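Peer 1: One structure, pasted below without further comment.
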Number of protein chains: 2
Amino acid sequence: MKLTILGCYSATPRTFTNPTSQVLEIQNHLFLIDCGEGTQVQLRKYKVKFSRINHIFISHLHGDHFFGLPGLISTFRLLGREKELHIYGPKGIKEAITLFLKLGDSWTNYPLIFHELESKESELIWEDSKVSVRTIPLEHRVYTNGFLFNEKEAPRTLDAEAAHRYGVDRSQFNNIKKGADGVTKNGEVISNKKLTHDPPEPKSYAFCSDTVYNETVVPLVKDVDALYHESTFLESEEHLCDRTKHSTAKQAAQIAKLAHVKKLILGHYSTRYKSIELFKEEAQGVFSNVELADDGKVFDL
Amino acid sequence: MKLTILGCYSATPRTFTNPTSQVLEIQNHLFLIDCGEGTQVQLRKYKVKFSRINHIFISHLHGDHFFGLPGLISTFRLLGREKELHIYGPKGIKEAITLFLKLGDSWTNYPLIFHELESKESELIWEDSKVSVRTIPLEHRVYTNGFLFNEKEAPRTLDAEAAHRYGVDRSQFNNIKKGADGVTKNGEVISNKKLTHDPPEPKSYAFCSDTVYNETVVPLVKDVDALYHESTFLESEEHLCDRTKHSTAKQAAQIAKLAHVKKLILGHYSTRYKSIELFKEEAQGVFSNVELADDGKVFDL
């Protein structure tokens, strides 16, 4: 599982800081999460193959999270895309994007499929045999969802060496792969677990931006391998959180601690501060395994 | 009159090439012409003061000419703008921008005034005492206008030294400033022209992008000091012009020659070519005073 940060600064794009967008590579899928202005340029800069993106998840309809979407969709068309593109985002996104494209008589020549979200409960929005994606309802100034990406547990794989050691013959291998126990020549039952390898531990990633401090997300992100949680402010500006519905680095760390996540990744920084290291220092007062997102940074999870 | 090119490449934004946007500084106004994705970042990069922009002219509603507009409008709000912002562009632009902002509950706190264009004839769309702006109807795949910026002739200014020389006394100065002739002590009439300075020659700039080769623009851009004319292709790709409604460098030069403009500035280059110098070479076969737009380039006109 690999996370590439394309942009992780709040509000307006600037020469060296980009608004929110990131790419999660998981089980051969490339999921694009949020799409602030300039995302397509960031995708080129960090050499993400456009053709591998089939699913785009938009947290909410503030400009710094979706104003790059019309341009990206248009570019897919110019690149000759034919595959379906699925877009998950708040109700209203379809009308807005459709209007923008129609004005320029630039409707796509590939299937563009919108999945509009309006539930206030966490819901399963996509899955295949290996991965599931659920929403994480967040509390912001407008309707907002985070997203939880879970690998599913892979099937156990045959341990031929163990089978040989226990004296379980090859004729049983297909059944063992399907979960059956083995039987030796002497009639002794060997449990399936002893004849198969443990699958790799499934990984999980939770994206939570933008949101005010909100403990209702804790059970949803419990034990995840990595939690990206917004930290627009430091504690010194905590008084701004209630009005703007953003969090401080310390609050992000409190959520990480309560949810026992393995790693906390901070982002969505206000550009008012001299150094993003200040966010890490503040969060580490509460939770030790903190990393800082930054534009172009890659996390191997 | 100063023209700053923020972006002048066709189609999608890339790491080092930006879609169309330019700033014309004329008689203390800063006019923004077109606003492709990333324009606000280019404005910062080239240190254009956001607060000096009060008028934005959008040629047409293809993404590479207006997808930067919602972000720029939002940034004006974040910067605390209170002044009116006037936007001139094809019918439909108001609905699209309004929808994008309303979705994010981000309506502006400053007056945002749309002037929607739908005439197929050239029309005066803005003027003050020193400058006028007219549309230049262009022929593209969607409704498109170029824009003609004309300085108005300034009033003649008193030449006090000449008045003294002719023996015209001070009591007549106010009338002379208003256009009256002078009279000497001996009753001799001195023409106003002899008692005043010629005003500086008024300058003019025409922006024509995007368009197929179209001689109906010639009378509209006649004798301008600088004509920016799109040259998406070289002559080797002229066969693409009819379908895409774009021009070659040679065709741009033909328009410049027919209109006797003083300078031709090329832009809106397809990125398929190795060097933009090829556009200049091709155009100079027809018209000598050719310059190449490039991102970040400034023309003092």
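Going by the structure tokens order, chains are called A, B, ..., each with residues numbered from 1, while ligands are numbered from 1 in the order shown.
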Residues of chain A no more than 8 Å from chain B, counting only C-alpha atoms: send them over as a VMD selection string.
Peer 2: chain A and resid 11 to 15 37 to 38 40 to 42 44 to 45 60 to 64 67 to 68 70 to 71 74 to 75 92 96 99 to 101 103 to 106 142
Peer 1: Please run DSSP on the backbone and report, as a PyMOL selection string, all residues within segment 77-292 of chain B that come out as helix (DSSP H, G or I).
Peer 2: chain B and resi 77-78+93-103+160-166+170-177+192-195+215-221+235-244+249-258+277-284
Peer 1: List the neighbours of segment 247-258 of chain A out to 9 Å using only C-alpha atoms; skip same-chain residues closer than 4 positions along the sequence, and give me the result as a PyMOL selection string.
Peer 2: chain A and resi 210-215+217-219+221-223+227-238+240-242+262-264+266-267+278-288+290
Peer 1: Export N, CA and C atoms of the chosen residues as a compact mmCIF listing (two decimals), in the first residue's frame?
Peer 2:
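Full text of result09.txt as output:
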```txt
# COMPACT_ATOMS: atom_id res chain seq x y z
N ASP A 210 -11.93 17.51 5.38
CA ASP A 210 -11.72 18.42 6.50
C ASP A 210 -12.73 18.09 7.61
N THR A 211 -12.31 18.34 8.85
CA THR A 211 -13.22 18.07 9.97
C THR A 211 -12.80 18.81 11.24
N VAL A 212 -13.82 19.15 12.00
CA VAL A 212 -13.58 19.62 13.35
C VAL A 212 -13.28 18.40 14.21
N TYR A 213 -12.74 18.59 15.42
CA TYR A 213 -12.48 17.47 16.33
C TYR A 213 -13.80 16.75 16.59
N ASN A 214 -13.80 15.43 16.34
CA ASN A 214 -15.07 14.73 16.37
C ASN A 214 -14.83 13.26 16.73
N GLU A 215 -15.12 12.91 17.98
CA GLU A 215 -14.79 11.56 18.45
C GLU A 215 -15.66 10.47 17.83
N VAL A 217 -15.67 9.64 14.91
CA VAL A 217 -14.91 8.92 13.89
C VAL A 217 -14.04 7.82 14.51
N VAL A 218 -13.80 7.90 15.83
CA VAL A 218 -12.86 6.97 16.47
C VAL A 218 -13.19 5.50 16.18
N PRO A 219 -14.42 5.03 16.42
CA PRO A 219 -14.68 3.60 16.14
C PRO A 219 -14.50 3.25 14.67
N VAL A 221 -12.22 4.43 12.57
CA VAL A 221 -10.81 4.37 12.15
C VAL A 221 -9.97 3.54 13.12
N LYS A 222 -10.64 2.82 14.00
CA LYS A 222 -9.97 2.02 15.04
C LYS A 222 -8.89 1.12 14.42
N ASP A 223 -7.68 1.17 14.97
CA ASP A 223 -6.58 0.26 14.61
C ASP A 223 -6.08 0.37 13.17
N LEU A 227 -3.64 6.78 9.60
CA LEU A 227 -4.74 7.75 9.60
C LEU A 227 -4.19 9.08 9.14
N TYR A 228 -4.72 9.59 8.00
CA TYR A 228 -4.43 10.96 7.60
C TYR A 228 -5.51 11.81 8.23
N HIS A 229 -5.13 12.69 9.12
CA HIS A 229 -6.11 13.56 9.79
C HIS A 229 -5.69 15.01 9.59
N GLU A 230 -6.65 15.83 9.19
CA GLU A 230 -6.32 17.23 8.97
C GLU A 230 -5.84 17.89 10.26
N SER A 231 -4.91 18.82 10.11
CA SER A 231 -4.48 19.68 11.23
C SER A 231 -4.23 21.05 10.61
N THR A 232 -5.32 21.76 10.41
CA THR A 232 -5.20 23.08 9.80
C THR A 232 -4.44 24.04 10.72
N PHE A 233 -4.69 23.87 12.03
CA PHE A 233 -4.14 24.84 12.98
C PHE A 233 -3.24 24.19 14.03
N LEU A 234 -2.48 25.04 14.72
CA LEU A 234 -1.83 24.65 15.98
C LEU A 234 -2.76 25.06 17.13
N GLU A 235 -2.41 24.55 18.31
CA GLU A 235 -3.27 24.82 19.48
C GLU A 235 -3.45 26.32 19.72
N SER A 236 -2.44 27.10 19.36
CA SER A 236 -2.51 28.55 19.57
C SER A 236 -3.67 29.18 18.79
N GLU A 237 -4.13 28.50 17.74
CA GLU A 237 -5.29 29.01 16.97
C GLU A 237 -6.54 28.16 17.19
N GLU A 238 -6.57 27.41 18.28
CA GLU A 238 -7.71 26.51 18.52
C GLU A 238 -9.05 27.26 18.51
N LEU A 240 -10.09 29.23 16.49
CA LEU A 240 -10.65 29.34 15.14
C LEU A 240 -11.35 28.06 14.69
N CYS A 241 -11.14 26.96 15.43
CA CYS A 241 -11.63 25.65 14.97
C CYS A 241 -13.14 25.57 14.93
N ASP A 242 -13.79 26.12 15.93
CA ASP A 242 -15.23 25.94 16.00
C ASP A 242 -15.94 26.64 14.83
N LYS A 262 -1.95 2.95 14.00
CA LYS A 262 -0.51 2.64 14.03
C LYS A 262 0.32 3.87 13.67
N LYS A 263 -0.19 4.67 12.74
CA LYS A 263 0.57 5.86 12.32
C LYS A 263 -0.41 6.99 12.04
N LEU A 264 -0.03 8.17 12.48
CA LEU A 264 -0.82 9.37 12.17
C LEU A 264 -0.06 10.21 11.15
N LEU A 266 -0.20 13.87 9.36
CA LEU A 266 -0.85 15.18 9.44
C LEU A 266 -0.83 15.89 8.09
N GLY A 267 -1.81 16.75 7.85
CA GLY A 267 -1.86 17.54 6.61
C GLY A 267 -2.93 18.61 6.68
N LEU A 278 6.30 22.26 13.31
CA LEU A 278 5.57 22.65 14.53
C LEU A 278 4.35 21.76 14.75
N PHE A 279 3.73 21.32 13.65
CA PHE A 279 2.55 20.45 13.76
C PHE A 279 2.96 19.09 14.35
N LYS A 280 4.10 18.59 13.89
CA LYS A 280 4.58 17.29 14.36
C LYS A 280 4.92 17.36 15.86
N GLU A 281 5.63 18.41 16.21
CA GLU A 281 6.02 18.57 17.63
C GLU A 281 4.79 18.60 18.53
N GLU A 282 3.78 19.37 18.09
CA GLU A 282 2.58 19.49 18.92
C GLU A 282 1.87 18.14 19.05
N ALA A 283 1.74 17.43 17.91
CA ALA A 283 1.02 16.15 17.93
C ALA A 283 1.76 15.11 18.76
N GLN A 284 3.08 15.14 18.70
CA GLN A 284 3.85 14.12 19.43
C GLN A 284 3.76 14.27 20.94
N GLY A 285 3.24 15.38 21.41
CA GLY A 285 2.97 15.50 22.84
C GLY A 285 1.86 14.55 23.29
N VAL A 286 1.07 14.08 22.33
CA VAL A 286 -0.10 13.23 22.64
C VAL A 286 0.06 11.81 22.08
N PHE A 287 0.69 11.71 20.91
CA PHE A 287 0.74 10.44 20.19
C PHE A 287 2.11 10.36 19.52
N SER A 288 2.81 9.22 19.68
CA SER A 288 4.23 9.24 19.26
C SER A 288 4.46 9.07 17.77
N VAL A 290 3.99 9.99 14.61
CA VAL A 290 3.40 11.04 13.77
C VAL A 290 4.31 11.29 12.56
```
Peer 1: Residues within 7 Å of Val224 of chain B, please, as a PyMOL selection string. Count only C-alpha atoms; anything in the same chain fewer than 6 positions from it doesn't count.
Peer 2: chain B and resi 204-206+261-262
Peer 1: Could you list, as an mmCIF file with N, CA, C and O atoms, in the first residue's frame, every residue within 10 Å of Ala154 of chain A, counting only C-alpha atoms and ignoring same-chain residues fewer than 6 positions away?
Peer 2:
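Output file selection_14.cif follows:
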```cif
data_model
loop_
_atom_site.group_PDB
_atom_site.id
_atom_site.type_symbol
_atom_site.label_atom_id
_atom_site.label_comp_id
_atom_site.auth_asym_id
_atom_site.auth_seq_id
_atom_site.Cartn_x
_atom_site.Cartn_y
_atom_site.Cartn_z
ATOM 1 N N SER A 129 -12.915 -8.083 -4.671
ATOM 2 C CA SER A 129 -12.575 -9.229 -3.822
ATOM 3 C C SER A 129 -11.445 -8.925 -2.840
ATOM 4 O O SER A 129 -11.259 -9.635 -1.860
ATOM 5 N N LYS A 130 -10.729 -7.831 -3.092
ATOM 6 C CA LYS A 130 -9.541 -7.560 -2.275
ATOM 7 C C LYS A 130 -9.599 -6.301 -1.417
ATOM 8 O O LYS A 130 -8.834 -6.154 -0.467
ATOM 9 N N ASP A 198 -0.305 -18.445 6.908
ATOM 10 C CA ASP A 198 -1.124 -17.278 7.272
ATOM 11 C C ASP A 198 -1.074 -16.271 6.116
ATOM 12 O O ASP A 198 0.000 -16.032 5.561
ATOM 13 N N PRO A 199 -2.198 -15.671 5.738
ATOM 14 C CA PRO A 199 -2.146 -14.615 4.718
ATOM 15 C C PRO A 199 -1.486 -13.369 5.310
ATOM 16 O O PRO A 199 -1.438 -13.222 6.540
ATOM 17 N N PRO A 200 -0.970 -12.501 4.440
ATOM 18 C CA PRO A 200 -0.405 -11.261 4.993
ATOM 19 C C PRO A 200 -1.500 -10.461 5.707
ATOM 20 O O PRO A 200 -2.677 -10.541 5.350
ATOM 21 N N GLU A 201 -1.074 -9.742 6.713
ATOM 22 C CA GLU A 201 -2.007 -8.911 7.489
ATOM 23 C C GLU A 201 -2.663 -7.881 6.557
ATOM 24 O O GLU A 201 -1.961 -7.158 5.864
ATOM 25 N N PRO A 202 -4.001 -7.815 6.472
ATOM 26 C CA PRO A 202 -4.591 -6.786 5.595
ATOM 27 C C PRO A 202 -4.316 -5.391 6.142
ATOM 28 O O PRO A 202 -4.324 -5.181 7.348
#
```
Peer 1: At a cut-off of 8 Å, using only C-alpha atoms, what residues contact Tyr88 of chain B? Leave out same-chain residues fewer than 6 positions from it and give the result as number ranges by chain.
Peer 2: B: 55-58, 114-117
Peer 1: Could you write those residues out with C-alpha atoms, as a short mmCIF file (atom, residue, chain, number, x, y, z; two decimals), in the first residue's frame?
Peer 2:
```
data_model
loop_
_atom_site.label_atom_id
_atom_site.label_comp_id
_atom_site.auth_asym_id
_atom_site.auth_seq_id
_atom_site.Cartn_x
_atom_site.Cartn_y
_atom_site.Cartn_z
CA HIS B 55 -12.14 43.10 -14.75
CA ILE B 56 -11.79 39.61 -16.15
CA PHE B 57 -12.50 38.88 -19.83
CA ILE B 58 -13.19 35.26 -20.80
CA PHE B 114 -21.30 39.03 -14.59
CA HIS B 115 -21.66 40.60 -18.02
CA GLU B 116 -22.79 37.78 -20.26
CA LEU B 117 -22.02 38.08 -23.97
#
```
Peer 1: Give me, as a compact mmCIF listing (two decimals) with all heavy atoms, in the first residue's frame, all polymer residues having an atom no more than 10 Å from Lys2 of chain A, counting only C-alpha atoms and skipping those fewer than 2 positions away in the same chain.
Peer 2:
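Dumped everything to part36.txt:
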```txt
# COMPACT_ATOMS: atom_id res chain seq x y z
N THR A 4 0.75 8.57 -2.12
CA THR A 4 1.51 9.69 -2.68
C THR A 4 0.73 10.98 -2.43
O THR A 4 -0.42 11.11 -2.85
CB THR A 4 1.72 9.52 -4.20
OG1 THR A 4 2.39 8.28 -4.42
CG2 THR A 4 2.55 10.66 -4.76
N ILE A 5 1.36 11.89 -1.73
CA ILE A 5 0.69 13.18 -1.44
C ILE A 5 0.94 14.12 -2.61
O ILE A 5 2.09 14.46 -2.91
CB ILE A 5 1.26 13.80 -0.14
CG1 ILE A 5 1.22 12.82 1.03
CG2 ILE A 5 0.54 15.11 0.18
CD1 ILE A 5 -0.15 12.40 1.47
N VAL A 23 -2.92 10.13 -3.90
CA VAL A 23 -3.17 8.89 -4.63
C VAL A 23 -2.82 7.72 -3.72
O VAL A 23 -1.72 7.66 -3.19
CB VAL A 23 -2.28 8.80 -5.89
CG1 VAL A 23 -2.49 7.46 -6.59
CG2 VAL A 23 -2.60 9.93 -6.84
N LEU A 24 -3.78 6.81 -3.55
CA LEU A 24 -3.53 5.61 -2.76
C LEU A 24 -3.42 4.42 -3.71
O LEU A 24 -4.35 4.14 -4.47
CB LEU A 24 -4.68 5.38 -1.77
CG LEU A 24 -4.50 4.16 -0.86
CD1 LEU A 24 -3.38 4.38 0.15
CD2 LEU A 24 -5.80 3.82 -0.13
N GLU A 25 -2.27 3.76 -3.67
CA GLU A 25 -2.10 2.54 -4.47
C GLU A 25 -2.32 1.37 -3.53
O GLU A 25 -1.63 1.23 -2.51
CB GLU A 25 -0.70 2.48 -5.07
CG GLU A 25 -0.51 1.26 -5.94
CD GLU A 25 0.74 1.34 -6.83
OE1 GLU A 25 1.50 2.32 -6.72
OE2 GLU A 25 0.93 0.40 -7.62
N ILE A 26 -3.31 0.55 -3.84
CA ILE A 26 -3.67 -0.55 -2.95
C ILE A 26 -4.18 -1.70 -3.82
O ILE A 26 -5.09 -1.53 -4.63
CB ILE A 26 -4.73 -0.06 -1.91
CG1 ILE A 26 -5.17 -1.18 -0.99
CG2 ILE A 26 -5.91 0.62 -2.55
CD1 ILE A 26 -6.09 -0.70 0.17
N GLN A 27 -3.52 -2.85 -3.71
CA GLN A 27 -3.91 -4.04 -4.47
C GLN A 27 -4.10 -3.74 -5.96
O GLN A 27 -5.10 -4.12 -6.57
CB GLN A 27 -5.21 -4.64 -3.88
CG GLN A 27 -5.06 -5.19 -2.48
CD GLN A 27 -4.27 -6.51 -2.44
OE1 GLN A 27 -3.94 -7.11 -3.46
NE2 GLN A 27 -3.94 -6.95 -1.24
N LEU A 30 -5.35 2.33 -8.27
CA LEU A 30 -4.90 3.70 -7.93
C LEU A 30 -6.14 4.51 -7.64
O LEU A 30 -6.92 4.81 -8.54
CB LEU A 30 -4.17 4.34 -9.11
CG LEU A 30 -2.69 4.08 -9.33
CD1 LEU A 30 -2.11 5.13 -10.27
CD2 LEU A 30 -1.90 4.07 -8.04
N TYR A 205 -6.23 2.16 5.50
CA TYR A 205 -5.86 3.58 5.47
C TYR A 205 -7.12 4.42 5.60
O TYR A 205 -8.12 4.17 4.91
CB TYR A 205 -5.16 3.91 4.14
CG TYR A 205 -4.94 5.40 3.94
CD1 TYR A 205 -4.08 6.10 4.77
CD2 TYR A 205 -5.61 6.10 2.94
CE1 TYR A 205 -3.88 7.46 4.61
CE2 TYR A 205 -5.42 7.48 2.77
CZ TYR A 205 -4.55 8.15 3.62
OH TYR A 205 -4.37 9.50 3.47
N VAL A 298 6.01 10.39 -0.44
CA VAL A 298 5.41 9.07 -0.64
C VAL A 298 5.53 8.27 0.66
O VAL A 298 6.61 8.22 1.26
CB VAL A 298 6.13 8.32 -1.78
CG1 VAL A 298 5.56 6.91 -1.94
CG2 VAL A 298 6.01 9.10 -3.09
N PHE A 299 4.44 7.67 1.08
CA PHE A 299 4.45 6.81 2.27
C PHE A 299 4.26 5.37 1.83
O PHE A 299 3.26 5.03 1.19
CB PHE A 299 3.31 7.18 3.22
CG PHE A 299 3.45 8.55 3.83
CD1 PHE A 299 2.89 9.66 3.22
CD2 PHE A 299 4.16 8.73 5.02
CE1 PHE A 299 3.03 10.93 3.77
CE2 PHE A 299 4.30 9.99 5.57
CZ PHE A 299 3.73 11.09 4.95
N ASP A 300 5.23 4.51 2.17
CA ASP A 300 5.04 3.08 1.95
C ASP A 300 4.45 2.53 3.23
O ASP A 300 5.09 2.54 4.28
CB ASP A 300 6.38 2.41 1.62
CG ASP A 300 6.64 2.43 0.12
OD1 ASP A 300 5.76 1.95 -0.62
OD2 ASP A 300 7.69 2.95 -0.28
N LEU A 301 3.21 2.09 3.14
CA LEU A 301 2.50 1.70 4.38
C LEU A 301 2.51 0.18 4.53
O LEU A 301 2.08 -0.53 3.68
CB LEU A 301 1.08 2.25 4.32
CG LEU A 301 0.96 3.78 4.22
CD1 LEU A 301 -0.47 4.21 3.97
CD2 LEU A 301 1.47 4.43 5.49
```
Peer 1: Separation of atom CA of Asn289 of chain B and atom CA of Pro19 of chain B, in Å?
Peer 2: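 Pair atom CA of Asn289 of chain B / atom CA of Pro19 of chain B returns 24.4 Å.
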